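Trainee: You'll find work_12.cif just under this line, and it carries mmCIF, C-alpha atoms and all ligand atoms.
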```
data_target
loop_
_atom_site.label_atom_id
_atom_site.label_comp_id
_atom_site.auth_asym_id
_atom_site.auth_seq_id
_atom_site.Cartn_x
_atom_site.Cartn_y
_atom_site.Cartn_z
CA MET A 1 4.96 -9.49 26.51
CA LEU A 2 7.78 -6.97 26.44
CA SER A 3 9.22 -7.93 29.80
CA GLY A 4 13.00 -8.40 29.52
CA LYS A 5 13.04 -7.42 25.84
CA ASN A 6 15.75 -5.03 24.64
CA ILE A 7 14.26 -2.16 22.71
CA LEU A 8 16.47 0.32 20.91
CA ILE A 9 14.80 3.63 20.14
CA GLY A 10 16.28 5.90 17.46
CA ILE A 11 15.20 9.54 17.63
CA THR A 12 15.79 11.95 14.77
CA GLY A 13 15.41 15.72 14.53
CA GLY A 14 11.68 16.34 14.22
CA ILE A 15 9.23 18.14 16.51
CA ALA A 16 7.52 14.83 17.38
CA ALA A 17 10.73 13.87 19.24
CA TYR A 18 9.15 15.17 22.45
CA LYS A 19 6.43 12.49 22.19
CA ILE A 20 9.04 9.74 22.41
CA CYS A 21 9.57 10.51 26.11
CA GLU A 22 6.12 9.00 26.71
CA LEU A 23 6.89 6.02 24.42
CA ILE A 24 9.97 5.27 26.53
CA ARG A 25 7.78 5.32 29.65
CA MET A 26 5.29 2.93 28.03
CA TYR A 27 8.05 0.43 27.22
CA LYS A 28 9.58 0.83 30.70
CA ARG A 29 6.18 0.25 32.35
CA ALA A 30 6.04 -3.02 30.37
CA ASN A 31 9.42 -3.93 31.94
CA ALA A 32 11.40 -3.68 28.73
CA ASN A 33 15.04 -2.54 28.70
CA VAL A 34 15.25 0.64 26.66
CA ARG A 35 18.30 2.19 25.06
CA VAL A 36 18.18 5.38 23.04
CA VAL A 37 20.33 6.63 20.16
CA CYS A 38 19.77 10.14 18.81
CA THR A 39 20.89 12.11 15.83
CA PRO A 40 22.56 15.34 16.95
CA ASN A 41 19.53 17.26 15.56
CA ALA A 42 17.11 15.33 17.81
CA LEU A 43 18.68 17.12 20.77
CA ASN A 44 17.25 20.41 19.42
CA PHE A 45 13.83 19.06 20.44
CA VAL A 46 14.46 16.94 23.53
CA THR A 47 17.30 16.85 26.03
CA LYS A 48 19.79 14.09 26.57
CA LEU A 49 19.15 14.27 30.31
CA THR A 50 15.41 13.66 29.88
CA LEU A 51 16.00 10.62 27.65
CA GLN A 52 18.69 9.31 29.97
CA ASN A 53 16.44 9.60 33.05
CA LEU A 54 13.46 8.01 31.36
CA SER A 55 15.36 5.13 29.76
CA GLN A 56 17.66 4.68 32.76
CA ASN A 57 20.49 4.21 30.30
CA GLU A 58 23.16 6.34 28.77
CA VAL A 59 22.00 7.92 25.49
CA GLY A 60 24.09 7.31 22.35
CA ILE A 61 24.89 10.30 20.17
CA GLU A 62 28.58 10.22 19.27
CA GLU A 63 29.68 7.61 16.80
CA PHE A 64 33.30 7.51 17.91
CA ASN A 65 33.47 7.04 21.66
CA THR A 66 37.08 6.66 22.76
CA ASP A 67 36.10 5.25 26.22
CA ASN A 68 34.61 2.10 24.70
CA TYR A 69 36.71 -0.68 23.17
CA LYS A 70 33.77 -2.00 21.15
CA PRO A 71 32.45 -0.02 18.15
CA GLU A 72 29.27 1.67 19.40
CA HIS A 73 27.13 0.93 16.35
CA ILE A 74 27.88 -2.78 16.59
CA SER A 75 27.17 -3.07 20.31
CA TYR A 76 23.83 -1.21 20.06
CA ALA A 77 22.82 -3.41 17.12
CA ASP A 78 23.91 -6.64 18.83
CA GLU A 79 22.11 -6.01 22.09
CA ALA A 80 18.67 -5.01 20.86
CA ASP A 81 15.76 -7.33 19.94
CA ILE A 82 14.09 -4.60 17.92
CA MET A 83 14.88 -1.09 16.71
CA VAL A 84 12.15 1.58 16.64
CA ILE A 85 13.01 4.80 14.82
CA ALA A 86 10.54 7.52 15.82
CA PRO A 87 10.13 10.16 14.67
CA ALA A 88 11.98 9.36 11.45
CA THR A 89 12.73 12.38 9.27
CA ALA A 90 12.87 12.28 5.47
CA ASN A 91 16.62 12.81 5.80
CA THR A 92 17.25 9.77 8.02
CA ILE A 93 14.83 7.61 6.01
CA GLY A 94 16.74 8.50 2.83
CA LYS A 95 20.06 7.62 4.42
CA ILE A 96 18.91 4.27 5.81
CA ALA A 97 17.24 3.29 2.51
CA ASN A 98 20.50 4.00 0.69
CA GLY A 99 22.98 2.53 3.13
CA ILE A 100 24.44 5.88 4.19
CA CYS A 101 25.97 5.90 7.67
CA ASP A 102 27.08 9.37 8.70
CA ASN A 103 26.09 9.34 12.37
CA LEU A 104 25.60 6.82 15.17
CA LEU A 105 21.89 6.25 14.48
CA THR A 106 22.28 5.56 10.75
CA SER A 107 25.33 3.34 11.39
CA VAL A 108 23.39 1.30 13.97
CA ALA A 109 20.47 1.01 11.53
CA CYS A 110 22.84 -0.20 8.80
CA ALA A 111 24.31 -2.90 11.06
CA PHE A 112 20.89 -3.91 12.45
CA LYS A 113 19.76 -7.39 11.43
CA LYS A 114 16.62 -7.80 13.55
CA PRO A 115 13.13 -6.33 13.08
CA MET A 116 13.02 -2.57 12.59
CA ILE A 117 10.02 -0.25 12.82
CA ILE A 118 10.25 3.16 11.18
CA CYS A 119 7.67 5.81 12.12
CA PRO A 120 7.99 8.74 9.73
CA ALA A 121 6.87 12.23 10.78
CA MET A 122 7.33 15.30 8.60
CA ASN A 123 5.59 18.04 6.66
CA CYS A 124 2.88 16.63 4.33
CA GLY A 125 4.63 17.97 1.21
CA MET A 126 7.80 16.16 2.20
CA TRP A 127 5.83 12.95 2.87
CA ASP A 128 4.30 13.15 -0.64
CA ASN A 129 7.69 13.70 -2.29
CA THR A 130 8.41 10.97 -4.86
CA PHE A 131 11.94 10.33 -3.61
CA VAL A 132 10.76 10.00 -0.01
CA GLN A 133 8.03 7.59 -1.15
CA ASN A 134 10.57 5.59 -3.17
CA ASN A 135 12.77 5.31 -0.09
CA ILE A 136 9.80 4.20 2.01
CA SER A 137 8.90 1.51 -0.58
CA LYS A 138 12.50 0.34 -0.69
CA LEU A 139 12.60 -0.09 3.08
CA SER A 140 9.21 -1.79 3.19
CA GLU A 141 10.18 -4.21 0.39
CA ASN A 142 13.25 -5.11 2.43
CA GLY A 143 11.27 -6.15 5.48
CA VAL A 144 11.29 -2.89 7.49
CA TYR A 145 7.94 -2.20 9.19
CA ILE A 146 6.66 1.25 8.27
CA LEU A 147 4.02 2.87 10.48
CA GLU A 148 2.74 5.58 8.19
CA PRO A 149 2.07 9.04 9.59
CA ASP A 150 -1.46 10.15 10.51
CA GLU A 151 -3.39 12.98 8.88
CA GLY A 152 -4.17 16.10 10.84
CA PHE A 153 -2.90 19.47 11.94
CA LEU A 154 0.88 19.56 11.66
CA ALA A 155 3.30 21.56 13.80
CA CYS A 156 4.38 23.48 10.68
CA GLY A 157 0.83 24.87 10.36
CA TYR A 158 -0.33 22.65 7.46
CA ASN A 159 -3.17 20.15 7.51
CA GLY A 160 -2.26 16.84 5.91
CA LYS A 161 -0.51 13.48 6.29
CA GLY A 162 2.66 13.79 8.33
CA ARG A 163 1.89 13.52 12.07
CA LEU A 164 3.70 10.79 13.97
CA CYS A 165 1.25 7.88 14.33
CA ASP A 166 -0.25 7.13 17.76
CA LEU A 167 2.22 5.93 20.36
CA GLU A 168 -0.23 3.15 21.21
CA LYS A 169 0.10 1.89 17.62
CA ILE A 170 3.92 1.84 17.88
CA PHE A 171 3.71 0.02 21.20
CA LYS A 172 1.24 -2.59 19.87
CA GLN A 173 3.30 -3.18 16.72
CA THR A 174 6.41 -3.71 18.86
CA GLU A 175 4.54 -6.28 20.97
CA GLU A 176 3.13 -7.99 17.91
CA ILE A 177 6.50 -8.31 16.21
CA LEU A 178 8.31 -9.57 19.29
CA ASN A 179 5.49 -11.99 20.01
CA LYS A 180 5.46 -13.28 16.44
CA GLU A 181 9.17 -13.66 16.67
CA GLN A 182 8.89 -16.36 19.28
CA LYS A 183 6.73 -18.61 17.15
CA LEU A 184 9.30 -19.91 14.67
CA PHE A 185 12.34 -19.66 16.91
CA GLY A 186 14.56 -22.72 16.43
CA LYS A 187 12.90 -23.72 13.16
CA LYS A 188 14.69 -23.84 9.83
CA ILE A 189 12.47 -22.76 6.95
CA VAL A 190 13.36 -22.98 3.25
CA ILE A 191 11.36 -20.91 0.77
CA THR A 192 11.60 -20.66 -3.01
CA ALA A 193 10.72 -17.47 -4.89
CA GLY A 194 10.51 -16.13 -8.44
CA GLY A 195 10.06 -17.60 -11.87
CA THR A 196 12.69 -20.03 -13.07
CA ILE A 197 14.82 -18.95 -16.02
CA GLU A 198 15.22 -21.61 -18.69
CA GLN A 199 17.95 -20.70 -21.12
CA ILE A 200 17.58 -21.19 -24.88
CA ASP A 201 20.93 -19.79 -25.97
CA THR A 202 23.51 -17.42 -24.48
CA VAL A 203 21.14 -14.41 -24.63
CA ARG A 204 17.57 -15.78 -24.61
CA TYR A 205 15.44 -17.61 -22.11
CA ILE A 206 11.91 -18.77 -21.25
CA SER A 207 10.44 -17.53 -17.97
CA ASN A 208 7.20 -16.18 -16.47
CA TYR A 209 5.85 -13.09 -14.68
CA SER A 210 6.62 -14.15 -11.10
CA SER A 211 8.26 -11.21 -9.30
CA GLY A 212 9.29 -13.24 -6.25
CA LYS A 213 7.24 -10.94 -3.97
CA MET A 214 5.15 -13.75 -2.45
CA GLY A 215 8.15 -15.94 -1.67
CA ILE A 216 10.16 -13.01 -0.33
CA ALA A 217 7.23 -11.92 1.89
CA LEU A 218 7.12 -15.45 3.32
CA ALA A 219 10.87 -15.45 3.92
CA ASP A 220 10.73 -12.01 5.62
CA ALA A 221 7.82 -13.12 7.81
CA ALA A 222 9.59 -16.35 8.82
CA TYR A 223 12.74 -14.37 9.64
CA ASN A 224 10.78 -11.82 11.68
CA MET A 225 9.16 -14.70 13.57
CA GLY A 226 12.59 -15.94 14.62
CA ALA A 227 13.18 -18.71 12.08
CA ASP A 228 16.48 -19.60 10.52
CA VAL A 229 15.60 -18.82 6.89
CA ILE A 230 17.01 -19.87 3.54
CA LEU A 231 15.50 -18.16 0.51
CA ILE A 232 16.18 -19.91 -2.80
CA SER A 233 15.42 -17.23 -5.34
CA THR A 234 15.66 -16.42 -9.02
CA VAL A 235 15.27 -12.73 -8.10
CA ASN A 236 18.34 -10.94 -6.78
CA THR A 237 17.77 -9.61 -3.28
CA GLN A 238 19.91 -8.77 -0.27
CA LYS A 239 18.55 -9.96 3.04
CA PRO A 240 19.79 -10.39 6.59
CA TYR A 241 19.17 -14.17 6.16
CA GLY A 242 20.60 -16.72 3.74
CA VAL A 243 19.79 -16.20 0.07
CA ILE A 244 20.78 -18.75 -2.56
CA SER A 245 20.52 -17.39 -6.11
CA VAL A 246 19.39 -19.83 -8.77
CA LYS A 247 18.19 -19.61 -12.34
CA SER A 248 16.71 -22.79 -13.76
CA ALA A 249 14.36 -25.42 -12.33
CA ILE A 250 17.29 -27.86 -12.26
CA ASP A 251 19.39 -25.39 -10.18
CA MET A 252 16.43 -24.81 -7.87
CA GLN A 253 15.85 -28.53 -7.39
CA GLN A 254 19.50 -29.07 -6.50
CA ALA A 255 19.48 -26.18 -4.02
CA VAL A 256 16.24 -27.29 -2.32
CA GLU A 257 17.37 -30.91 -2.08
CA ASN A 258 20.66 -29.84 -0.50
CA GLU A 259 18.65 -28.22 2.32
CA PHE A 260 16.11 -31.06 2.81
CA ASP A 261 17.72 -32.98 5.66
CA ASN A 262 17.76 -30.50 8.51
CA THR A 263 14.77 -28.43 7.55
CA ASP A 264 11.45 -28.05 9.39
CA CYS A 265 9.42 -26.61 6.55
CA ILE A 266 9.84 -26.14 2.79
CA ILE A 267 7.56 -23.72 0.93
CA MET A 268 7.54 -23.79 -2.87
CA ALA A 269 6.26 -20.31 -3.77
CA ALA A 270 8.37 -20.18 -6.93
CA ALA A 271 6.77 -20.40 -10.34
CA VAL A 272 8.79 -23.30 -11.73
CA ALA A 273 8.75 -23.71 -15.51
CA ASP A 274 7.24 -27.04 -16.48
CA PHE A 275 9.52 -27.30 -19.55
CA ARG A 276 13.04 -26.30 -20.58
CA ALA A 277 14.89 -26.32 -23.91
CA THR A 278 16.19 -29.80 -24.70
CA GLU A 279 19.48 -28.25 -25.76
CA ILE A 280 20.97 -24.89 -24.84
CA ALA A 281 22.99 -23.33 -27.67
CA ASP A 282 26.34 -22.05 -26.37
CA TYR A 283 26.21 -19.14 -28.84
CA LYS A 284 23.62 -16.56 -29.90
CA MET A 285 21.30 -18.31 -32.33
CA LYS A 286 21.38 -16.48 -35.67
CA LYS A 287 18.58 -15.80 -38.09
CA THR A 288 19.32 -16.10 -41.79
CA ASP A 289 17.51 -14.48 -44.72
CA ASN A 290 15.46 -17.59 -45.31
CA THR A 291 14.61 -18.34 -41.64
CA GLU A 292 10.85 -17.84 -41.24
CA THR A 293 10.17 -20.18 -38.35
CA ILE A 294 12.30 -22.06 -35.89
CA THR A 295 11.40 -24.92 -33.62
CA ILE A 296 12.72 -25.17 -30.09
CA GLU A 297 12.26 -28.58 -28.61
CA LEU A 298 11.25 -28.58 -24.95
CA VAL A 299 11.66 -31.31 -22.40
CA LYS A 300 9.74 -31.69 -19.13
CA ASN A 301 11.38 -30.25 -16.02
CA PRO A 302 11.43 -32.29 -12.83
CA ASP A 303 8.50 -31.58 -10.51
CA ILE A 304 10.44 -30.34 -7.47
CA LEU A 305 7.43 -30.26 -5.14
CA GLN A 306 6.36 -33.77 -6.05
CA SER A 307 9.86 -35.17 -5.62
CA LEU A 308 10.16 -33.47 -2.18
CA CYS A 309 6.88 -35.09 -1.13
CA LYS A 310 8.12 -38.48 -2.35
CA LYS A 311 11.35 -38.03 -0.41
CA LYS A 312 9.40 -37.12 2.72
CA LYS A 313 7.29 -40.27 2.36
CA GLN A 314 10.46 -42.39 2.08
CA VAL A 315 11.89 -40.75 5.22
CA LEU A 316 8.67 -41.42 7.12
CA VAL A 317 8.51 -45.05 6.00
CA SER A 318 12.17 -45.78 6.72
CA SER A 319 12.02 -44.14 10.14
CA ALA A 320 8.64 -45.46 11.28
CA GLY A 321 8.49 -45.75 15.05
CA ASN A 322 11.66 -43.75 15.33
CA GLU A 323 12.34 -40.32 16.88
CA THR A 324 13.48 -38.84 13.56
CA LEU A 325 9.97 -39.36 12.20
CA SER A 326 8.94 -35.93 13.41
CA LYS A 327 11.96 -34.39 11.66
CA ALA A 328 10.61 -34.77 8.13
CA PRO A 329 9.80 -31.26 6.88
CA VAL A 330 6.31 -29.88 6.50
CA ILE A 331 5.94 -29.44 2.74
CA VAL A 332 3.90 -26.55 1.38
CA GLY A 333 3.13 -25.99 -2.28
CA PHE A 334 1.45 -23.13 -4.08
CA CYS A 335 -1.15 -23.60 -6.78
CA ALA A 336 -1.51 -21.02 -9.55
CA GLU A 337 -4.75 -21.45 -11.49
CA SER A 338 -6.78 -19.23 -13.78
CA GLU A 339 -10.03 -21.25 -13.55
CA ASN A 340 -11.72 -23.79 -11.24
CA LEU A 341 -9.28 -22.79 -8.52
CA ILE A 342 -10.51 -24.95 -5.66
CA ASN A 343 -11.29 -28.07 -7.70
CA ASN A 344 -7.93 -27.93 -9.47
CA ALA A 345 -6.19 -27.29 -6.13
CA LYS A 346 -7.91 -30.33 -4.58
CA ASP A 347 -6.62 -32.50 -7.45
CA LYS A 348 -3.14 -30.96 -7.14
CA ILE A 349 -2.75 -31.54 -3.38
CA SER A 350 -3.63 -35.21 -3.74
CA LYS A 351 -1.45 -35.66 -6.85
CA LYS A 352 1.61 -33.92 -5.37
CA GLY A 353 1.10 -35.22 -1.81
CA CYS A 354 2.08 -32.06 0.09
CA ASP A 355 0.90 -31.11 3.59
CA TYR A 356 -0.53 -27.74 2.57
CA LEU A 357 -1.34 -26.19 -0.79
CA ILE A 358 -1.85 -22.42 -1.09
CA ALA A 359 -4.18 -21.76 -4.02
CA ASN A 360 -4.27 -18.37 -5.75
CA ASP A 361 -6.18 -17.13 -8.78
CA ILE A 362 -3.66 -15.84 -11.30
CA SER A 363 -6.30 -14.54 -13.71
CA ARG A 364 -6.94 -11.55 -11.40
CA LYS A 365 -4.89 -8.39 -11.88
CA ASP A 366 -5.33 -7.19 -8.28
CA ILE A 367 -3.61 -10.25 -6.75
CA GLY A 368 -1.16 -13.01 -7.68
CA PHE A 369 1.65 -12.51 -10.21
CA SER A 370 3.67 -9.31 -9.60
CA SER A 371 1.00 -7.72 -7.40
CA ASP A 372 1.75 -6.51 -3.85
CA TYR A 373 -1.46 -8.29 -2.77
CA ASN A 374 -2.80 -11.80 -2.71
CA GLU A 375 -5.94 -13.70 -1.76
CA VAL A 376 -5.51 -17.39 -1.11
CA SER A 377 -7.20 -20.58 0.00
CA ILE A 378 -5.12 -22.87 2.17
CA LEU A 379 -5.85 -26.54 1.53
CA LYS A 380 -4.67 -29.05 4.11
CA LYS A 381 -4.06 -32.69 3.41
CA ASP A 382 -6.94 -33.62 5.81
CA GLY A 383 -9.31 -32.00 3.30
CA THR A 384 -10.04 -28.78 5.20
CA ILE A 385 -9.81 -25.42 3.45
CA LYS A 386 -9.24 -21.95 4.92
CA HIS A 387 -9.80 -18.82 2.87
CA LEU A 388 -7.69 -15.69 3.44
CA GLU A 389 -9.27 -12.50 2.09
CA ARG A 390 -7.25 -10.11 -0.11
CA ALA A 391 -4.42 -8.49 1.85
CA SER A 392 -0.81 -7.46 1.32
CA LYS A 393 1.54 -10.35 0.59
CA GLN A 394 3.23 -9.56 3.92
CA GLU A 395 -0.02 -10.06 5.85
CA ILE A 396 -0.89 -13.20 3.88
CA ALA A 397 2.58 -14.56 4.69
CA TYR A 398 2.08 -14.14 8.47
CA LYS A 399 -1.35 -15.76 8.25
CA ILE A 400 0.07 -18.74 6.36
CA PHE A 401 2.59 -19.33 9.17
CA GLU A 402 -0.17 -18.91 11.77
CA GLU A 403 -2.14 -21.59 9.93
CA ILE A 404 0.83 -23.98 9.80
CA TYR A 405 2.25 -23.38 13.28
CA GLY A 406 -0.82 -22.10 15.22
O1 LIG B 1 6.21 -14.07 -7.40
P1 LIG B 1 4.96 -13.20 -7.36
O2 LIG B 1 4.92 -12.19 -8.46
O3 LIG B 1 4.76 -12.61 -5.99
O4 LIG B 1 3.70 -14.15 -7.63
C1 LIG B 1 3.37 -15.16 -6.72
C2 LIG B 1 2.94 -16.48 -7.42
C3 LIG B 1 1.64 -16.25 -8.17
C4 LIG B 1 4.04 -16.95 -8.36
C5 LIG B 1 2.77 -17.51 -6.25
O5 LIG B 1 1.77 -17.06 -5.38
C6 LIG B 1 2.43 -18.88 -6.80
O6 LIG B 1 1.28 -19.22 -7.11
N1 LIG B 1 3.48 -19.76 -6.96
C7 LIG B 1 3.36 -21.07 -7.59
C8 LIG B 1 3.36 -20.94 -9.09
C9 LIG B 1 3.29 -22.29 -9.77
O7 LIG B 1 4.22 -22.71 -10.38
O8 LIG B 1 2.14 -22.93 -9.57
P2 LIG B 1 1.77 -24.40 -10.22
O9 LIG B 1 0.33 -24.59 -9.86
O10 LIG B 1 2.16 -24.44 -11.65
O11 LIG B 1 2.68 -25.42 -9.43
C10 LIG B 1 2.26 -26.04 -8.23
C11 LIG B 1 3.40 -26.17 -7.26
O12 LIG B 1 4.38 -27.06 -7.81
C12 LIG B 1 4.11 -24.89 -6.91
O13 LIG B 1 4.42 -24.91 -5.54
C13 LIG B 1 5.38 -24.94 -7.76
O14 LIG B 1 6.45 -24.25 -7.10
C14 LIG B 1 5.65 -26.43 -7.84
N2 LIG B 1 6.32 -26.89 -9.06
C15 LIG B 1 5.75 -26.67 -10.30
C16 LIG B 1 6.38 -27.16 -11.42
C17 LIG B 1 7.59 -27.88 -11.28
N3 LIG B 1 8.22 -28.35 -12.33
N4 LIG B 1 8.11 -28.06 -10.06
C18 LIG B 1 7.50 -27.60 -8.96
O15 LIG B 1 7.99 -27.77 -7.84
#
```
Take the structure in the file and give it back as structure tokens.
Ligand code: PMT

Mentor:
Amino acid sequence: MLSGKNILIGITGGIAAYKICELIRMYKRANANVRVVCTPNALNFVTKLTLQNLSQNEVGIEEFNTDNYKPEHISYADEADIMVIAPATANTIGKIANGICDNLLTSVACAFKKPMIICPAMNCGMWDNTFVQNNISKLSENGVYILEPDEGFLACGYNGKGRLCDLEKIFKQTEEILNKEQKLFGKKIVITAGGTIEQIDTVRYISNYSSGKMGIALADAAYNMGADVILISTVNTQKPYGVISVKSAIDMQQAVENEFDNTDCIIMAAAVADFRATEIADYKMKKTDNTETITIELVKNPDILQSLCKKKKQVLVSSAGNETLSKAPVIVGFCAESENLINNAKDKISKKGCDYLIANDISRKDIGFSSDYNEVSILKKDGTIKHLERASKQEIAYKIFEEIYG
């Protein structure tokens, strides 16, 4: 599965650096092309010559190489299909999480737009440090794969969590990511995320508790599987794929409809407000001494999902018997219910007319709104239902694409 793939290994200055010699051999045995970049400190633990011989490539250390016309960090980043940083020290993790580029490895990581695996290894006290954990969460939330360290006897003499994870695990994860990547190659996928923001006046709005995590996890997964991704989001986020920022349901509808024509799949994970204020005051509404109650009139928002399904039907009817028929997007809705989940979801899929409906129970605190986890039932328009047990939103996202694209 790795044959012909370009793997870029980043080695930082930790004792586990010596183990990476074997990882290079594993990738080479699988016929991958391996390039290595090191921080200067990594060379305290392993020699350049060893890495060069094993990878059969020159090893990158210096950021400013006067022999090369192309900036090194860009060429390393351009050529690789995946970047694996192992071992990753707390220092390098902190720099990457905060966009600091003070050596070749961190500059390559900053310019890298494809899947990245980070395998931390350090003293257990350092691993438990709040700032290190915050940096790890930041990277993970931004689509970087983190292979957490194992527990055990550490080189520094402590027993605890900090050992570089098994090389076999790094190898398998690399295969899995590059294999997944093939699946959506050439497909354009549009995903909505977050709760819509319906303004009342210049400082107040109506919204809901959607954090955007589910939609963003889907967008990350689609991107890592090779898709051309557009995320239409009410939550600000920076991604290596296209992000369109929107606020209200009307903005979201406009943005989704603009993308409809050349898209293979549209997933509505956003929590769209059903109503908006009939009129938005263009000033801050004032209270007076005798104001005890106010009434805000609400008007129904358009149902974006339903109108997409209608549009798809029209495309299918008008192009019957024609090649373009297969070009109508697969339309996937979500269904947020606090009771009678499956029965309500069955009604919703037939009412809205989408191809798939992902039902989740929003009454539970351990899944759904704002949680890092979800548990869903995938309803298909042919009436079949598949249940996915509770897992991280990232895992659920991959499984949803597996269900749609096999
Ligand atoms: O963002 P997180 O914190 O990660 O939480 C994830 C989630 C719980 C928001 C997500 O998993 C989810 O359930 N999203 C759909 C929420 C929702 O609006 O559900 P609904 O059952 O009210 O709507 C059904 C479908 O119609 C949804 O796909 C929704 O996007 C769409 N809709 C709803 C109303 C409307 N006016 N237009 C729409 O397109």

Trainee: Quick one: residues within 9 Å of region 213-220 of chain A, all atoms listed in the file, excluding same-chain residues fewer than 2 positions away - as a PyMOL selection string?

Mentor: chain A and resi 141-143+189-194+210-211+222-225+229-231+233+237+239+241+267-270+368-374+393-398+400-401

Trainee: I'd like to know which of A:Lys286, A:Arg25, A:Lys351, A:Lys161 is closest to Thr202 (chain A), using all atoms listed in the file.

Mentor: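 Smallest separation from Thr202 (chain A) among the options: A:Lys286.
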
Trainee: Put the listed atoms of region 25-29 of chain A in a box along x, y and z with 3 Å added on every side and give me the centre and edge lengths in Å to one decimal, as lines of an AutoDock Vina configuration file.

Mentor:
```
center_x = 7.4
center_y = 2.8
center_z = 29.8
size_x = 10.3
size_y = 11.1
size_z = 11.1
```

Trainee: Would you mind listing what lies within 10 Å of Glu79 (chain A) as a PyMOL selection string, with all atoms listed in the file counted and same-chain residues fewer than 4 positions away left out?

Mentor: chain A and resi 5-8+35+74-75+112

Trainee: Give me, please, the distance in Å between CA of Leu147 (chain A) and CA of Lys187 (chain A), quoted to one decimal.

Mentor: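 One can read the CA of Leu147 (chain A) to CA of Lys187 (chain A) distance as 28.2 Å.
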
Trainee: Have a look at A:Trp127, A:Glu58, A:Pro115, A:Val203 and name the one nearest to Ser140 (chain A); count only C-alpha atoms.

Mentor: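 Closest to Ser140 (chain A), using only C-alpha atoms: A:Pro115.
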
Trainee: Between A:Val37, A:Ala328, A:Ala273, A:Ile294, which residue has the minimum interatomic distance to ligand LIG 1 (chain B), considering only C-alpha atoms and all ligand atoms?

Mentor: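 Of A:Val37, A:Ala328, A:Ala273, A:Ile294, the one nearest ligand LIG 1 (chain B), counting only C-alpha atoms and all ligand atoms, is A:Ala273.
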